[in-house]
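Student: Sharing my_file01.pdb below, PDB, C-alpha atoms:
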ATOM      1  CA  MET A   1       0.000   0.000   0.000
ATOM      2  CA  ASN A   2       1.468   3.388  -0.922
ATOM      3  CA  ASP A   3       1.423   6.272   1.559
ATOM      4  CA  SER A   4      -1.577   8.175   0.194
ATOM      5  CA  LEU A   5      -3.679   5.001  -0.036
ATOM      6  CA  LEU A   6      -2.682   4.093   3.519
ATOM      7  CA  LEU A   7      -3.735   7.557   4.750
ATOM      8  CA  ALA A   8      -7.065   7.399   2.883
ATOM      9  CA  THR A   9      -7.681   3.936   4.359
ATOM     10  CA  ALA A  10      -6.900   5.218   7.878
ATOM     11  CA  ALA A  11      -9.226   8.222   7.419
ATOM     12  CA  ALA A  12     -12.023   5.914   6.239
ATOM     13  CA  GLY A  13     -11.301   3.765   9.308
ATOM     14  CA  GLY A  14     -11.888   6.794  11.535
ATOM     15  CA  ILE A  15     -15.284   7.333   9.905
ATOM     16  CA  GLY A  16     -16.103   3.631  10.353
ATOM     17  CA  ALA A  17     -15.208   3.742  14.062
ATOM     18  CA  ALA A  18     -17.320   6.899  14.529
ATOM     19  CA  LEU A  19     -20.299   5.146  12.882
ATOM     20  CA  ARG A  20     -19.825   2.152  15.205
ATOM     21  CA  TYR A  21     -19.730   4.428  18.252
ATOM     22  CA  THR A  22     -22.899   6.230  17.067
ATOM     23  CA  ILE A  23     -24.871   2.996  16.603
ATOM     24  CA  ASP A  24     -23.637   1.652  19.947
ATOM     25  CA  ARG A  25     -24.821   4.864  21.634
ATOM     26  CA  ILE A  26     -28.237   4.793  19.922
ATOM     27  CA  LEU A  27     -28.780   1.124  20.887
ATOM     28  CA  PRO A  28     -26.963   1.030  24.242
ATOM     29  CA  PRO A  29     -26.426  -2.314  26.054
ATOM     30  CA  ALA A  30     -27.993  -0.765  29.174
ATOM     31  CA  ARG A  31     -31.411  -0.674  27.509
ATOM     32  CA  HIS A  32     -31.123  -4.295  26.325
ATOM     33  CA  ARG A  33     -30.424  -5.988  29.664
ATOM     34  CA  GLY A  34     -26.698  -5.512  29.190
ATOM     35  CA  PHE A  35     -26.653  -7.211  25.785
ATOM     36  CA  PRO A  36     -24.376  -5.333  23.346
ATOM     37  CA  VAL A  37     -26.973  -5.272  20.549
ATOM     38  CA  GLY A  38     -25.411  -2.226  18.843
ATOM     39  CA  ILE A  39     -22.042  -3.954  18.284
ATOM     40  CA  LEU A  40     -23.840  -7.073  16.997
ATOM     41  CA  ILE A  41     -25.765  -4.990  14.430
ATOM     42  CA  VAL A  42     -22.547  -3.179  13.456
ATOM     43  CA  ASN A  43     -20.730  -6.467  12.848
ATOM     44  CA  ILE A  44     -23.633  -8.012  10.880
ATOM     45  CA  THR A  45     -24.143  -4.982   8.605
ATOM     46  CA  GLY A  46     -20.372  -4.531   8.136
ATOM     47  CA  SER A  47     -19.932  -8.183   7.152
ATOM     48  CA  LEU A  48     -22.872  -7.965   4.731
ATOM     49  CA  ALA A  49     -21.325  -4.877   3.109
ATOM     50  CA  LEU A  50     -17.846  -6.454   2.855
ATOM     51  CA  GLY A  51     -19.500  -9.546   1.326
ATOM     52  CA  VAL A  52     -21.116  -7.363  -1.371
ATOM     53  CA  LEU A  53     -17.768  -5.645  -1.967
ATOM     54  CA  SER A  54     -15.946  -8.941  -2.389
ATOM     55  CA  GLY A  55     -18.733 -10.295  -4.644
ATOM     56  CA  LEU A  56     -18.370  -7.269  -6.921
ATOM     57  CA  GLY A  57     -14.706  -8.258  -7.252
ATOM     58  CA  SER A  58     -12.725  -6.596 -10.012
ATOM     59  CA  LEU A  59     -15.628  -4.260 -10.795
ATOM     60  CA  LEU A  60     -14.128  -1.963  -8.161
ATOM     61  CA  SER A  61     -10.595  -0.612  -8.355
ATOM     62  CA  SER A  62      -8.218  -2.172  -5.831
ATOM     63  CA  GLU A  63      -7.747   1.280  -4.253
ATOM     64  CA  LEU A  64     -11.463   1.766  -3.649
ATOM     65  CA  ALA A  65     -11.746  -1.797  -2.333
ATOM     66  CA  ALA A  66      -8.922  -1.103   0.161
ATOM     67  CA  VAL A  67     -10.344   2.220   1.366
ATOM     68  CA  VAL A  68     -13.885   0.847   1.805
ATOM     69  CA  GLY A  69     -13.047  -2.764   2.725
ATOM     70  CA  VAL A  70      -9.937  -2.500   4.907
ATOM     71  CA  GLY A  71     -10.603   1.084   6.047
ATOM     72  CA  LEU A  72     -14.294   1.951   6.416
ATOM     73  CA  LEU A  73     -15.678  -1.543   7.085
ATOM     74  CA  GLY A  74     -12.578  -2.745   8.941
ATOM     75  CA  GLY A  75     -12.804   0.237  11.292
ATOM     76  CA  TYR A  76     -16.606  -0.085  11.564
ATOM     77  CA  THR A  77     -16.636  -3.752  12.600
ATOM     78  CA  THR A  78     -14.769  -4.913  15.674
ATOM     79  CA  PHE A  79     -13.557  -8.134  17.236
ATOM     80  CA  SER A  80     -12.104  -6.951  20.536
ATOM     81  CA  ALA A  81     -15.365  -5.553  21.990
ATOM     82  CA  VAL A  82     -17.272  -8.773  21.194
ATOM     83  CA  HIS A  83     -14.942 -10.986  23.207
ATOM     84  CA  VAL A  84     -14.268  -8.621  26.105
ATOM     85  CA  GLU A  85     -18.069  -8.080  26.430
ATOM     86  CA  THR A  86     -18.662 -11.848  26.302
ATOM     87  CA  VAL A  87     -16.207 -12.466  29.153
ATOM     88  CA  LEU A  88     -17.719  -9.585  31.179
ATOM     89  CA  LEU A  89     -21.230 -11.019  30.660
ATOM     90  CA  ALA A  90     -19.985 -14.445  31.801
ATOM     91  CA  LYS A  91     -18.326 -12.896  34.877
ATOM     92  CA  ARG A  92     -21.711 -11.393  35.815
ATOM     93  CA  ARG A  93     -23.142 -14.917  35.314
ATOM     94  CA  HIS A  94     -25.284 -13.836  32.371
ATOM     95  CA  TRP A  95     -24.396 -17.099  30.665
ATOM     96  CA  ARG A  96     -27.128 -17.097  28.060
ATOM     97  CA  GLN A  97     -26.329 -13.557  26.902
ATOM     98  CA  ALA A  98     -22.619 -14.402  26.796
ATOM     99  CA  LEU A  99     -23.212 -17.474  24.620
ATOM    100  CA  VAL A 100     -25.687 -15.676  22.346
ATOM    101  CA  ASN A 101     -23.202 -12.813  21.918
ATOM    102  CA  LEU A 102     -20.261 -15.131  21.143
ATOM    103  CA  PHE A 103     -21.931 -17.661  18.840
ATOM    104  CA  GLY A 104     -24.647 -15.328  17.548
ATOM    105  CA  THR A 105     -21.983 -12.914  16.283
ATOM    106  CA  VAL A 106     -19.990 -15.548  14.385
ATOM    107  CA  ILE A 107     -23.037 -17.306  12.885
ATOM    108  CA  LEU A 108     -24.891 -14.137  11.879
ATOM    109  CA  THR A 109     -21.823 -12.336  10.483
ATOM    110  CA  VAL A 110     -20.757 -15.326   8.363
ATOM    111  CA  ALA A 111     -24.351 -15.712   7.098
ATOM    112  CA  ALA A 112     -24.494 -11.969   6.349
ATOM    113  CA  ALA A 113     -21.136 -12.155   4.516
ATOM    114  CA  ALA A 114     -22.407 -15.102   2.421
ATOM    115  CA  VAL A 115     -25.641 -13.253   1.533
ATOM    116  CA  GLY A 116     -23.581 -10.170   0.692
ATOM    117  CA  MET A 117     -21.283 -12.154  -1.597
ATOM    118  CA  VAL A 118     -24.285 -13.610  -3.464
ATOM    119  CA  ILE A 119     -25.758 -10.107  -3.880
ATOM    120  CA  GLY A 120     -22.382  -8.773  -5.055
ATOM    121  CA  LEU A 121     -21.873 -11.585  -7.572
ATOM    122  CA  TRP A 122     -25.445 -11.113  -8.871
ATOM    123  CA  ALA A 123     -24.972  -7.344  -9.171
ATOM    124  CA  ALA A 124     -21.650  -7.835 -10.977
ATOM    125  CA  ASP A 125     -23.389 -10.233 -13.341
ATOM    126  CA  VAL A 126     -26.211  -7.756 -14.057
ATOM    127  CA  ILE A 127     -23.832  -4.811 -14.566
ATOM    128  CA  THR A 128     -21.410  -6.560 -16.929
TER     129      THR A 128
ATOM    130  CA  MET B   1     -31.861   9.755  20.126
ATOM    131  CA  LEU B   2     -28.837  11.813  19.134
ATOM    132  CA  ARG B   3     -28.587  13.283  22.646
ATOM    133  CA  HIS B   4     -26.743  10.095  23.645
ATOM    134  CA  ILE B   5     -23.812  10.976  21.388
ATOM    135  CA  HIS B   6     -21.073  13.122  22.880
ATOM    136  CA  LEU B   7     -19.361  15.014  20.096
ATOM    137  CA  SER B   8     -16.015  15.238  21.888
ATOM    138  CA  LEU B   9     -16.033  11.467  22.459
ATOM    139  CA  LEU B  10     -17.105  10.915  18.840
ATOM    140  CA  GLY B  11     -14.056  12.915  17.717
ATOM    141  CA  LEU B  12     -11.760  10.896  19.976
ATOM    142  CA  VAL B  13     -13.245   7.627  18.648
ATOM    143  CA  ALA B  14     -12.734   8.752  15.029
ATOM    144  CA  ALA B  15      -9.123   9.833  15.669
ATOM    145  CA  GLY B  16      -8.356   6.609  17.539
ATOM    146  CA  GLY B  17     -10.121   4.522  14.883
ATOM    147  CA  ALA B  18      -7.988   6.108  12.149
ATOM    148  CA  LEU B  19      -4.821   5.233  14.110
ATOM    149  CA  GLY B  20      -5.959   1.662  14.743
ATOM    150  CA  VAL B  21      -6.892   1.092  11.099
ATOM    151  CA  PHE B  22      -3.614   2.702  10.018
ATOM    152  CA  ALA B  23      -1.695   0.175  12.132
ATOM    153  CA  ARG B  24      -3.703  -2.788  10.810
ATOM    154  CA  ALA B  25      -3.466  -1.651   7.166
ATOM    155  CA  ALA B  26       0.279  -1.057   7.534
ATOM    156  CA  LEU B  27       0.645  -4.640   8.807
ATOM    157  CA  THR B  28      -1.681  -6.426   6.375
ATOM    158  CA  GLY B  29      -1.451  -4.171   3.321
ATOM    159  CA  ALA B  30      -4.366  -4.070   0.885
ATOM    160  CA  GLU B  31      -4.429  -7.846   0.966
ATOM    161  CA  THR B  32      -7.975  -9.005   0.334
ATOM    162  CA  THR B  33      -7.035 -12.398  -1.089
ATOM    163  CA  THR B  34      -9.590 -15.026  -0.239
ATOM    164  CA  GLY B  35      -8.854 -18.714   0.066
ATOM    165  CA  THR B  36      -5.929 -18.296   2.444
ATOM    166  CA  VAL B  37      -6.030 -18.705   6.214
ATOM    167  CA  PRO B  38      -5.983 -15.141   7.591
ATOM    168  CA  TRP B  39      -3.324 -15.748  10.258
ATOM    169  CA  LEU B  40      -2.331 -12.124  10.440
ATOM    170  CA  THR B  41      -5.934 -10.963  10.989
ATOM    171  CA  LEU B  42      -6.326 -13.614  13.715
ATOM    172  CA  LEU B  43      -3.128 -12.419  15.402
ATOM    173  CA  ILE B  44      -4.145  -8.747  15.146
ATOM    174  CA  ASN B  45      -7.580  -9.573  16.600
ATOM    175  CA  ALA B  46      -6.089 -11.551  19.496
ATOM    176  CA  CYS B  47      -3.551  -8.810  20.359
ATOM    177  CA  GLY B  48      -6.194  -6.072  20.126
ATOM    178  CA  THR B  49      -8.584  -8.060  22.333
ATOM    179  CA  LEU B  50      -5.878  -8.658  24.949
ATOM    180  CA  LEU B  51      -5.083  -4.943  25.069
ATOM    181  CA  LEU B  52      -8.785  -3.984  25.285
ATOM    182  CA  GLY B  53      -9.126  -6.473  28.160
ATOM    183  CA  VAL B  54      -6.209  -4.783  29.964
ATOM    184  CA  LEU B  55      -7.763  -1.336  29.417
ATOM    185  CA  VAL B  56     -11.261  -2.343  30.575
ATOM    186  CA  GLY B  57      -9.966  -4.463  33.488
ATOM    187  CA  TRP B  58      -7.789  -1.592  34.635
ATOM    188  CA  LEU B  59     -10.161   1.368  34.191
ATOM    189  CA  GLY B  60     -13.636  -0.181  34.521
ATOM    190  CA  GLN B  61     -16.117   2.675  34.104
ATOM    191  CA  ARG B  62     -13.474   5.381  34.740
ATOM    192  CA  ARG B  63     -11.685   7.687  32.248
ATOM    193  CA  ALA B  64     -14.415   7.820  29.576
ATOM    194  CA  ARG B  65     -12.299   9.947  27.200
ATOM    195  CA  LEU B  66      -9.253   7.684  27.372
ATOM    196  CA  GLN B  67     -11.441   4.608  26.864
ATOM    197  CA  ALA B  68     -13.237   6.223  23.902
ATOM    198  CA  PHE B  69      -9.908   7.022  22.246
ATOM    199  CA  LEU B  70      -7.911   3.876  23.054
ATOM    200  CA  GLY B  71     -10.666   1.283  23.484
ATOM    201  CA  THR B  72     -13.512   2.128  21.097
ATOM    202  CA  GLY B  73     -11.206   3.977  18.701
ATOM    203  CA  VAL B  74      -7.694   2.516  18.425
ATOM    204  CA  LEU B  75      -8.371  -1.089  19.488
ATOM    205  CA  GLY B  76     -11.877  -1.186  17.976
ATOM    206  CA  GLY B  77     -10.439  -0.059  14.645
ATOM    207  CA  PHE B  78      -7.322  -2.242  14.901
ATOM    208  CA  THR B  79      -9.409  -5.396  15.280
ATOM    209  CA  THR B  80     -12.018  -6.382  12.704
ATOM    210  CA  TYR B  81     -14.853  -8.845  12.223
ATOM    211  CA  SER B  82     -15.935  -8.262   8.619
ATOM    212  CA  ALA B  83     -12.735  -9.651   7.054
ATOM    213  CA  LEU B  84     -13.015 -12.753   9.204
ATOM    214  CA  ALA B  85     -16.702 -13.241   8.311
ATOM    215  CA  VAL B  86     -16.016 -12.994   4.562
ATOM    216  CA  GLN B  87     -13.006 -15.345   4.802
ATOM    217  CA  THR B  88     -15.049 -17.878   6.771
ATOM    218  CA  ALA B  89     -17.987 -17.620   4.336
ATOM    219  CA  THR B  90     -15.582 -18.196   1.416
ATOM    220  CA  TRP B  91     -14.103 -21.282   3.110
ATOM    221  CA  LEU B  92     -17.607 -22.539   3.901
ATOM    222  CA  ALA B  93     -18.229 -23.006   0.175
ATOM    223  CA  MET B  94     -14.844 -24.678  -0.513
ATOM    224  CA  ALA B  95     -13.931 -26.593   2.645
ATOM    225  CA  PRO B  96     -16.575 -26.504   5.425
ATOM    226  CA  TRP B  97     -14.233 -28.038   8.024
ATOM    227  CA  THR B  98     -11.625 -25.360   7.445
ATOM    228  CA  ALA B  99     -14.357 -22.751   7.857
ATOM    229  CA  ALA B 100     -15.466 -24.351  11.143
ATOM    230  CA  ALA B 101     -11.845 -24.535  12.389
ATOM    231  CA  LEU B 102     -11.312 -20.877  11.479
ATOM    232  CA  ALA B 103     -14.488 -19.804  13.306
ATOM    233  CA  VAL B 104     -13.800 -21.904  16.416
ATOM    234  CA  GLY B 105     -10.083 -20.992  16.497
ATOM    235  CA  SER B 106     -10.954 -17.334  16.295
ATOM    236  CA  LEU B 107     -13.549 -17.621  19.105
ATOM    237  CA  VAL B 108     -11.131 -19.470  21.381
ATOM    238  CA  ALA B 109      -8.344 -16.960  20.669
ATOM    239  CA  GLY B 110     -10.765 -14.084  21.321
ATOM    240  CA  ILE B 111     -12.060 -15.461  24.634
ATOM    241  CA  LEU B 112      -8.593 -16.415  25.932
ATOM    242  CA  SER B 113      -7.073 -13.035  25.039
ATOM    243  CA  ALA B 114     -10.005 -11.187  26.624
ATOM    244  CA  MET B 115      -9.678 -13.248  29.842
ATOM    245  CA  VAL B 116      -5.904 -12.796  30.095
ATOM    246  CA  GLY B 117      -6.230  -9.073  29.319
ATOM    247  CA  LEU B 118      -8.958  -8.527  31.943
ATOM    248  CA  ILE B 119      -6.890 -10.375  34.585
ATOM    249  CA  ILE B 120      -3.784  -8.290  33.817
ATOM    250  CA  GLY B 121      -5.907  -5.114  33.853
ATOM    251  CA  SER B 122      -7.480  -5.852  37.231
ATOM    252  CA  HIS B 123      -4.012  -6.635  38.662
ATOM    253  CA  ILE B 124      -2.793  -3.232  37.490
ATOM    254  CA  ALA B 125      -5.880  -1.590  39.062
ATOM    255  CA  GLU B 126      -5.244  -3.426  42.361
ATOM    256  CA  THR B 127      -1.551  -2.526  42.477
ATOM    257  CA  HIS B 128      -2.492   1.101  41.801
ATOM    258  CA  SER B 129      -5.112   1.275  44.546
ATOM    259  CA  HIS B 130      -2.712  -0.438  47.011
ATOM    260  CA  ARG B 131      -0.010   2.074  46.219
ATOM    261  CA  GLU B 132      -2.445   4.986  46.557
ATOM    262  CA  GLY B 133      -3.660   3.517  49.840
ATOM    263  CA  ALA B 134      -0.099   3.235  51.144
ATOM    264  CA  GLU B 135       0.655   6.808  50.088
ATOM    265  CA  ASN B 136      -2.487   8.081  51.816
ATOM    266  CA  ALA B 137      -1.549   6.223  55.015
ATOM    267  CA  GLN B 138       1.822   7.949  55.224
TER     268      GLN B 138
END
Here is a file; write its structure as structure tokens.
Tutor:
Amino acid sequence: MNDSLLLATAAAGGIGAALRYTIDRILPPARHRGFPVGILIVNITGSLALGVLSGLGSLLSSELAAVVGVGLLGGYTTFSAVHVETVLLAKRRHWRQALVNLFGTVILTVAAAAVGMVIGLWAADVIT
Amino acid sequence: MLRHIHLSLLGLVAAGGALGVFARAALTGAETTTGTVPWLTLLINACGTLLLGVLVGWLGQRRARLQAFLGTGVLGGFTTYSALAVQTATWLAMAPWTAAALAVGSLVAGILSAMVGLIIGSHIAETHSHREGAENAQ
């Protein structure tokens, strides 16, 4: 990655992180019995979008794919919060919420990514 | 709804997120190749989770600005779920067992790093409060 692409990717990452924070504040865990529903929605929608991006493939320039895929969506979705929250839920003995958060995130994000890839491939097929 | 968003914290999250993504992109490059095991992403995610565990275990509910910048921003942006989800979905179509191993390996790495990080963080918090207690006693 050259310097200007790296900087554009980082800037897009800042926007992605700000979007994640906004959604997490609008859907706070406190109002959902401590369940981090905002982060779950962020990770599902981000995985869906990256699936579409990867389905579109070479239709997008590699620069745009890096800025949106690695930057915006990479900064938007997060791994660290999911697992720290899961352990904190387990420590408070909210076992069911901990398990739903851990396994729900992986199952729903992979499903969303697969749906996104199908949409992207279909769109690429229609466009070309 | 928007009253819940603190603009100064939002700015700190964005700045931290840009730094975190910068670090990850500098390590991984623009690499979006599918069909390989994303070891580097797994490693980045585990390290970022460990550090977030330390931060949260240490500070708890304190220092909202520092946590917004370092936790939600830098470490939230450094780690990622979307790349992992797409990689796993790709493997699911080619080799389901590899996809399952990738998903389970990533969960185990995430949980272990979070636990270790939280333990280290609470030790730091304890040492700090002991030291402050000793200083106050003098």
Student: How would you write as a ChimeraX atom specification the residues that get within 10 Å of (-21.7, 2.6, 22.9) in the file's frame, counting only C-alpha atoms?
Tutor: /A:20-30,36-39 /B:4-5,68,72
Student: Report, in Å to a single decimal, how far apart CA of Leu43 in chain B and CA of Ser62 in chain A are.
Tutor: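 So the two atoms, CA of Ser62 in chain A and CA of Leu43 in chain B, lie 24.1 Å apart.
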Student: Could you write out as a ChimeraX atom specification the residues of chain B within 8 Å of chain A, counting only C-alpha atoms?
Tutor: /B:1-2,4-5,10-11,13-22,25-26,29-30,32,45-46,48-50,52-53,72-73,75-83,85-86,88-90,103,107,110-111,114-115,118
Student: Tell me which protein, DNA and RNA residues are within 8 Å of Pro38 in chain B, counting only C-alpha atoms, leaving out same-chain ones fewer than 4 positions away, and put them as a PyMOL selection string.
Tutor: chain B and resi 42+84+87
Student: What separation in Å, quoted to one decimal, exists between CA of Ile124 in chain B and CA of Phe69 in chain B?
Tutor: 19.7 Å
Student: What is the CA of Ser113 in chain B-CA of Cys47 in chain B distance in Å, reported with one decimal?
Tutor: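 Between CA of Ser113 in chain B and CA of Cys47 in chain B the gap works out to 7.2 Å.
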Student: Which is closest to Trp39 in chain B among B:Met94, B:Ile120, B:Leu102, B:Ala125, if we use only C-alpha atoms?
Tutor: B:Leu102
Student: Could you give me, as a PyMOL selection string, the residues within 12 Å of His123 in chain B, counting all atoms listed in the file and dropping anything in the same chain fewer than 2 positions from it?
Tutor: chain B and resi 53-59+116-121+125-130
Student: Hey, which of A:Leu59, A:Leu99, A:Ala90, A:Val68 ends up closest to Gly120 in chain A? Count only C-alpha atoms.
Tutor: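 Residue with the minimum atom-to-atom distance to Gly120 in chain A: A:Leu59.
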Student: Nearest to Leu9 in chain B: which of B:Gln67, B:Arg62, B:Leu51, B:Thr41 is it, counting all atoms listed in the file?
Tutor: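 Answer, going by the shortest atom-to-atom distance: B:Gln67.
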Student: Taking all listed atoms of range 47-56 of chain B, build the axis-aligned box, pad each of the six sides by 4 Å, then write its centre and edge lengths in Å to one decimal as JSON.
Tutor:
{"center_x": -7.4, "center_y": -5.1, "center_z": 25.4, "size_x": 15.7, "size_y": 15.5, "size_z": 18.4}
Student: For range 80-90 of chain A, supply all heavy atoms and report the output as a PDB file, keeping the file's coordinate frame.
Tutor:
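Here's the written file part.pdb:
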ATOM      1  N   SER A  80     -12.516  -7.045  19.128  1.00  0.00           N
ATOM      2  CA  SER A  80     -12.104  -6.951  20.536  1.00  0.00           C
ATOM      3  C   SER A  80     -13.294  -6.759  21.480  1.00  0.00           C
ATOM      4  O   SER A  80     -13.400  -7.450  22.500  1.00  0.00           O
ATOM      5  CB  SER A  80     -11.090  -5.820  20.698  1.00  0.00           C
ATOM      6  OG  SER A  80     -11.527  -4.655  20.038  1.00  0.00           O
ATOM      7  N   ALA A  81     -14.227  -5.843  21.105  1.00  0.00           N
ATOM      8  CA  ALA A  81     -15.365  -5.553  21.990  1.00  0.00           C
ATOM      9  C   ALA A  81     -16.240  -6.791  22.184  1.00  0.00           C
ATOM     10  O   ALA A  81     -16.729  -7.043  23.282  1.00  0.00           O
ATOM     11  CB  ALA A  81     -16.188  -4.405  21.416  1.00  0.00           C
ATOM     12  N   VAL A  82     -16.413  -7.587  21.114  1.00  0.00           N
ATOM     13  CA  VAL A  82     -17.272  -8.773  21.194  1.00  0.00           C
ATOM     14  C   VAL A  82     -16.777  -9.724  22.283  1.00  0.00           C
ATOM     15  O   VAL A  82     -17.553 -10.186  23.120  1.00  0.00           O
ATOM     16  CB  VAL A  82     -17.287  -9.525  19.836  1.00  0.00           C
ATOM     17  CG1 VAL A  82     -18.080 -10.825  19.950  1.00  0.00           C
ATOM     18  CG2 VAL A  82     -17.856  -8.638  18.742  1.00  0.00           C
ATOM     19  N   HIS A  83     -15.463  -9.973  22.288  1.00  0.00           N
ATOM     20  CA  HIS A  83     -14.942 -10.986  23.207  1.00  0.00           C
ATOM     21  C   HIS A  83     -14.756 -10.465  24.620  1.00  0.00           C
ATOM     22  O   HIS A  83     -15.003 -11.189  25.578  1.00  0.00           O
ATOM     23  CB  HIS A  83     -13.673 -11.598  22.606  1.00  0.00           C
ATOM     24  CG  HIS A  83     -13.989 -12.344  21.348  1.00  0.00           C
ATOM     25  ND1 HIS A  83     -14.038 -11.716  20.125  1.00  0.00           N
ATOM     26  CD2 HIS A  83     -14.367 -13.622  21.149  1.00  0.00           C
ATOM     27  CE1 HIS A  83     -14.408 -12.602  19.216  1.00  0.00           C
ATOM     28  NE2 HIS A  83     -14.617 -13.755  19.802  1.00  0.00           N
ATOM     29  N   VAL A  84     -14.361  -9.193  24.754  1.00  0.00           N
ATOM     30  CA  VAL A  84     -14.268  -8.621  26.105  1.00  0.00           C
ATOM     31  C   VAL A  84     -15.669  -8.558  26.719  1.00  0.00           C
ATOM     32  O   VAL A  84     -15.871  -8.929  27.881  1.00  0.00           O
ATOM     33  CB  VAL A  84     -13.596  -7.232  26.073  1.00  0.00           C
ATOM     34  CG1 VAL A  84     -13.717  -6.528  27.415  1.00  0.00           C
ATOM     35  CG2 VAL A  84     -12.117  -7.380  25.704  1.00  0.00           C
ATOM     36  N   GLU A  85     -16.684  -8.135  25.931  1.00  0.00           N
ATOM     37  CA  GLU A  85     -18.069  -8.080  26.430  1.00  0.00           C
ATOM     38  C   GLU A  85     -18.560  -9.476  26.822  1.00  0.00           C
ATOM     39  O   GLU A  85     -19.243  -9.636  27.827  1.00  0.00           O
ATOM     40  CB  GLU A  85     -19.006  -7.481  25.367  1.00  0.00           C
ATOM     41  CG  GLU A  85     -19.028  -5.974  25.323  1.00  0.00           C
ATOM     42  CD  GLU A  85     -19.477  -5.340  26.629  1.00  0.00           C
ATOM     43  OE1 GLU A  85     -20.304  -5.944  27.347  1.00  0.00           O
ATOM     44  OE2 GLU A  85     -18.985  -4.249  26.954  1.00  0.00           O
ATOM     45  N   THR A  86     -18.226 -10.475  26.006  1.00  0.00           N
ATOM     46  CA  THR A  86     -18.662 -11.848  26.302  1.00  0.00           C
ATOM     47  C   THR A  86     -18.109 -12.305  27.648  1.00  0.00           C
ATOM     48  O   THR A  86     -18.842 -12.862  28.473  1.00  0.00           O
ATOM     49  CB  THR A  86     -18.192 -12.811  25.187  1.00  0.00           C
ATOM     50  OG1 THR A  86     -18.805 -12.417  23.957  1.00  0.00           O
ATOM     51  CG2 THR A  86     -18.579 -14.253  25.494  1.00  0.00           C
ATOM     52  N   VAL A  87     -16.818 -12.055  27.884  1.00  0.00           N
ATOM     53  CA  VAL A  87     -16.207 -12.466  29.153  1.00  0.00           C
ATOM     54  C   VAL A  87     -16.819 -11.682  30.325  1.00  0.00           C
ATOM     55  O   VAL A  87     -17.100 -12.247  31.380  1.00  0.00           O
ATOM     56  CB  VAL A  87     -14.668 -12.296  29.107  1.00  0.00           C
ATOM     57  CG1 VAL A  87     -14.041 -12.575  30.466  1.00  0.00           C
ATOM     58  CG2 VAL A  87     -14.069 -13.233  28.062  1.00  0.00           C
ATOM     59  N   LEU A  88     -17.097 -10.383  30.111  1.00  0.00           N
ATOM     60  CA  LEU A  88     -17.719  -9.585  31.179  1.00  0.00           C
ATOM     61  C   LEU A  88     -19.129 -10.088  31.490  1.00  0.00           C
ATOM     62  O   LEU A  88     -19.529 -10.162  32.654  1.00  0.00           O
ATOM     63  CB  LEU A  88     -17.752  -8.099  30.790  1.00  0.00           C
ATOM     64  CG  LEU A  88     -16.394  -7.384  30.760  1.00  0.00           C
ATOM     65  CD1 LEU A  88     -16.551  -5.943  30.275  1.00  0.00           C
ATOM     66  CD2 LEU A  88     -15.717  -7.387  32.127  1.00  0.00           C
ATOM     67  N   LEU A  89     -19.885 -10.463  30.446  1.00  0.00           N
ATOM     68  CA  LEU A  89     -21.230 -11.019  30.660  1.00  0.00           C
ATOM     69  C   LEU A  89     -21.132 -12.328  31.446  1.00  0.00           C
ATOM     70  O   LEU A  89     -21.912 -12.575  32.360  1.00  0.00           O
ATOM     71  CB  LEU A  89     -21.940 -11.259  29.320  1.00  0.00           C
ATOM     72  CG  LEU A  89     -22.477 -10.025  28.590  1.00  0.00           C
ATOM     73  CD1 LEU A  89     -22.895 -10.378  27.164  1.00  0.00           C
ATOM     74  CD2 LEU A  89     -23.660  -9.434  29.343  1.00  0.00           C
ATOM     75  N   ALA A  90     -20.163 -13.169  31.099  1.00  0.00           N
ATOM     76  CA  ALA A  90     -19.985 -14.445  31.801  1.00  0.00           C
ATOM     77  C   ALA A  90     -19.593 -14.214  33.260  1.00  0.00           C
ATOM     78  O   ALA A  90     -20.055 -14.924  34.153  1.00  0.00           O
ATOM     79  CB  ALA A  90     -18.936 -15.289  31.077  1.00  0.00           C
TER      80      ALA A  90
END
